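**Q** Let me begin by handing over the structure; questions about it come next.
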Amino acid sequence: MIKTVSATSLRMYQDCPHCWYLKYELGLIPPISDALEIGKAFHKIVELYHSGVGEEEIILKLKKEIITEPLDELIDRFSIIRKLAEIYFKEPLKSQTKETEKKFYIPLEKCSLALIGFIDRVTEEGIIEYKTTSKDYIENDLKSIQTDIYSFAINKLTKEIPEITYYVINKNKLKDKEYKPQILKIKRTQEDIDKIEDICAQFHQNVLDKKFEPKQGNPCFWCPFKEQCKKYGFNKSTIQ
């Protein structure tokens, strides 16, 4: 029985309950992907940079961690990560950092779950979230369950509604010498924040009721479990 929920978990369930079932109920592990590893490395760059680690030391540390074998794909991955680091060193967000990778654990009142997560960076001005993508963000990308959950968490901890800044690097534009990352801001309302408890409570009830119907179409494009989904299929008799 689940005891916690995160923005990642809730977003996956909203996109495809069956994908959520494969990961969180059956415990399938998503395959390693360049996108995931590059995103993790970029978050590490930001964390180290705003913890006072020097730029050259960050690059050397990442190179040592990433190129563990002389494989072309690892070298290619590191070259992208190095470019991301160079862009960030040139265009950092220099707001006064209060905490990086801020962990939160907030018991919910409307269901027996706790909301958990890590916020990339908390500053004097609010929250900063870092994203590496293959396309530019638009306004609707900011109005996400992650935005609302992080706003909810900070509101519960401080009684304030934070402004959230998204720092977005489009990996497909890295070769553009004049490229500058997107810096986008959003601030949710108290009404938006107050909906989170109900959303989490409904999610919890759906899981208890074993509502794991698959969604066909667009979610399948990004799904990390395409092959496993075909293998396991959707069979209600397998859901105990």
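Ordered as shown in the structure tokens, chains take letters A, B, and onward, while each chain numbers its residues from 1 and ligands are numbered from 1 in the order shown.
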Show which residues sit within 7 Å of region 170-187 of chain A, as a PyMOL selection string. Count only C-alpha atoms, and ignore same-chain residues fewer than 2 positions away.
**A** chain A and resi 132-136+142+162-168+189
**Q** Using only N, CA and C atoms, please write the residues we just selected to a file, as a short mmCIF file (atom, residue, chain, number, x, y, z; two decimals), in the first residue's frame.
**A**
data_model
loop_
_atom_site.label_atom_id
_atom_site.label_comp_id
_atom_site.auth_asym_id
_atom_site.auth_seq_id
_atom_site.Cartn_x
_atom_site.Cartn_y
_atom_site.Cartn_z
N THR A 132 15.97 20.48 -18.77
CA THR A 132 16.59 20.28 -20.07
C THR A 132 15.55 19.60 -20.95
N THR A 133 15.30 20.17 -22.12
CA THR A 133 14.22 19.71 -22.97
C THR A 133 14.68 19.59 -24.42
N SER A 134 13.79 19.07 -25.26
CA SER A 134 14.07 19.02 -26.69
C SER A 134 13.21 20.03 -27.45
N LYS A 135 12.47 20.86 -26.71
CA LYS A 135 11.68 21.92 -27.33
C LYS A 135 11.50 23.04 -26.31
N ASP A 136 11.23 24.23 -26.81
CA ASP A 136 11.03 25.37 -25.91
C ASP A 136 9.75 25.19 -25.10
N LEU A 142 4.16 25.55 -17.82
CA LEU A 142 4.38 26.03 -16.45
C LEU A 142 3.23 25.66 -15.53
N PRO A 162 4.98 31.02 -3.26
CA PRO A 162 6.24 31.40 -3.92
C PRO A 162 6.07 31.70 -5.40
N GLU A 163 6.92 32.57 -5.90
CA GLU A 163 7.06 32.70 -7.35
C GLU A 163 8.00 31.59 -7.80
N ILE A 164 7.64 30.91 -8.88
CA ILE A 164 8.48 29.83 -9.40
C ILE A 164 9.09 30.25 -10.72
N THR A 165 10.41 30.15 -10.80
CA THR A 165 11.14 30.45 -12.02
C THR A 165 11.58 29.15 -12.67
N TYR A 166 11.26 28.99 -13.94
CA TYR A 166 11.74 27.84 -14.71
C TYR A 166 12.89 28.28 -15.60
N TYR A 167 14.02 27.61 -15.42
CA TYR A 167 15.21 27.85 -16.23
C TYR A 167 15.30 26.69 -17.20
N VAL A 168 15.05 26.95 -18.47
CA VAL A 168 14.87 25.87 -19.46
C VAL A 168 15.93 25.94 -20.55
N THR A 189 -2.21 30.73 -7.51
CA THR A 189 -3.12 31.37 -6.57
C THR A 189 -3.39 30.43 -5.40
#
**Q** Once DSSP has gone over the backbone, tell me which residues of region 77-176 of chain A are in strand (DSSP E or B), as JSON, numbers by chain.
**A** {"A": [97, 98, 99, 100, 101, 102, 103, 104, 105, 106, 107, 114, 115, 116, 117, 118, 119, 120, 121, 122, 123, 126, 127, 128, 129, 130, 131, 132, 133, 163, 164, 165, 166, 167, 168, 169, 170]}
**Q** Mind checking which residues fall within 7 Å of region 13-16 of chain A, counting only C-alpha atoms, ignoring those fewer than 4 positions away in the same chain, and posting them as a ChimeraX atom specification?
**A** /A:9,20,214-215,219
**Q** List as a VMD selection string the protein and nucleic acid residues near Leu10 (chain A), meaning an atom at most 10 Å away when only C-alpha atoms are counted, but skip any in the same chain fewer than 6 places from it.
**A** chain A and resid 16 to 17 20 145 to 146 149 199 to 200 203 to 204
**Q** Given the selection you just returned, output its residues as a file containing N, CA and C atoms, formatted as a compact mmCIF listing (two decimals), in the first residue's frame.
**A**
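So part38.txt came out as:
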# COMPACT_ATOMS: atom_id res chain seq x y z
N CYS A 16 -0.93 8.24 -17.63
CA CYS A 16 -1.34 6.88 -17.95
C CYS A 16 -1.34 6.02 -16.68
N PRO A 17 -2.50 5.71 -16.13
CA PRO A 17 -2.56 4.90 -14.91
C PRO A 17 -1.86 3.55 -15.06
N TRP A 20 1.82 3.96 -14.57
CA TRP A 20 2.05 4.11 -13.13
C TRP A 20 2.04 2.73 -12.46
N ILE A 145 1.38 19.97 -12.65
CA ILE A 145 1.16 19.44 -11.31
C ILE A 145 2.40 19.67 -10.45
N GLN A 146 3.58 19.69 -11.06
CA GLN A 146 4.80 19.98 -10.31
C GLN A 146 4.77 21.40 -9.76
N ILE A 149 2.26 21.45 -6.85
CA ILE A 149 2.72 20.72 -5.66
C ILE A 149 3.84 21.47 -4.95
N ILE A 199 -6.83 16.61 -5.19
CA ILE A 199 -6.23 15.85 -6.29
C ILE A 199 -5.51 14.61 -5.74
N CYS A 200 -4.76 14.80 -4.66
CA CYS A 200 -4.03 13.68 -4.06
C CYS A 200 -4.98 12.65 -3.45
N PHE A 203 -6.49 10.65 -6.29
CA PHE A 203 -5.46 9.73 -6.78
C PHE A 203 -5.36 8.52 -5.85
N HIS A 204 -5.32 8.76 -4.54
CA HIS A 204 -5.18 7.68 -3.58
C HIS A 204 -6.37 6.72 -3.66
**Q** So that I can check the secondary structure, give me every residue of region 32-237 of chain A assigned alpha helix (DSSP H) by backbone DSSP, as a VMD selection string.
**A** chain A and resid 34 to 49 55 to 66 72 to 90 139 to 142 145 to 158 190 to 208 219 to 222 226 to 232
**Q** Taking only C-alpha atoms into account, which of A:Asp148, A:Lys44, A:Lys23, A:Ile66 comes nearest Lys226 (chain A)?
**A**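 Between A:Asp148, A:Lys44, A:Lys23, A:Ile66, the residue approaching Lys226 (chain A) most closely is A:Lys23.
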**Q** With only C-alpha atoms as the atoms that count, which of A:Ala114, A:Ser95, A:Leu48, A:Ile38 lies nearest to Arg82 (chain A)?
**A** A:Ile38
**Q** Could you tell me how far CA of Lys159 (chain A) lies from CA of Val46 (chain A), in Å and to one decimal?
**A**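 Taking CA of Lys159 (chain A) as the start and CA of Val46 (chain A) as the end point, the length is 26.8 Å.
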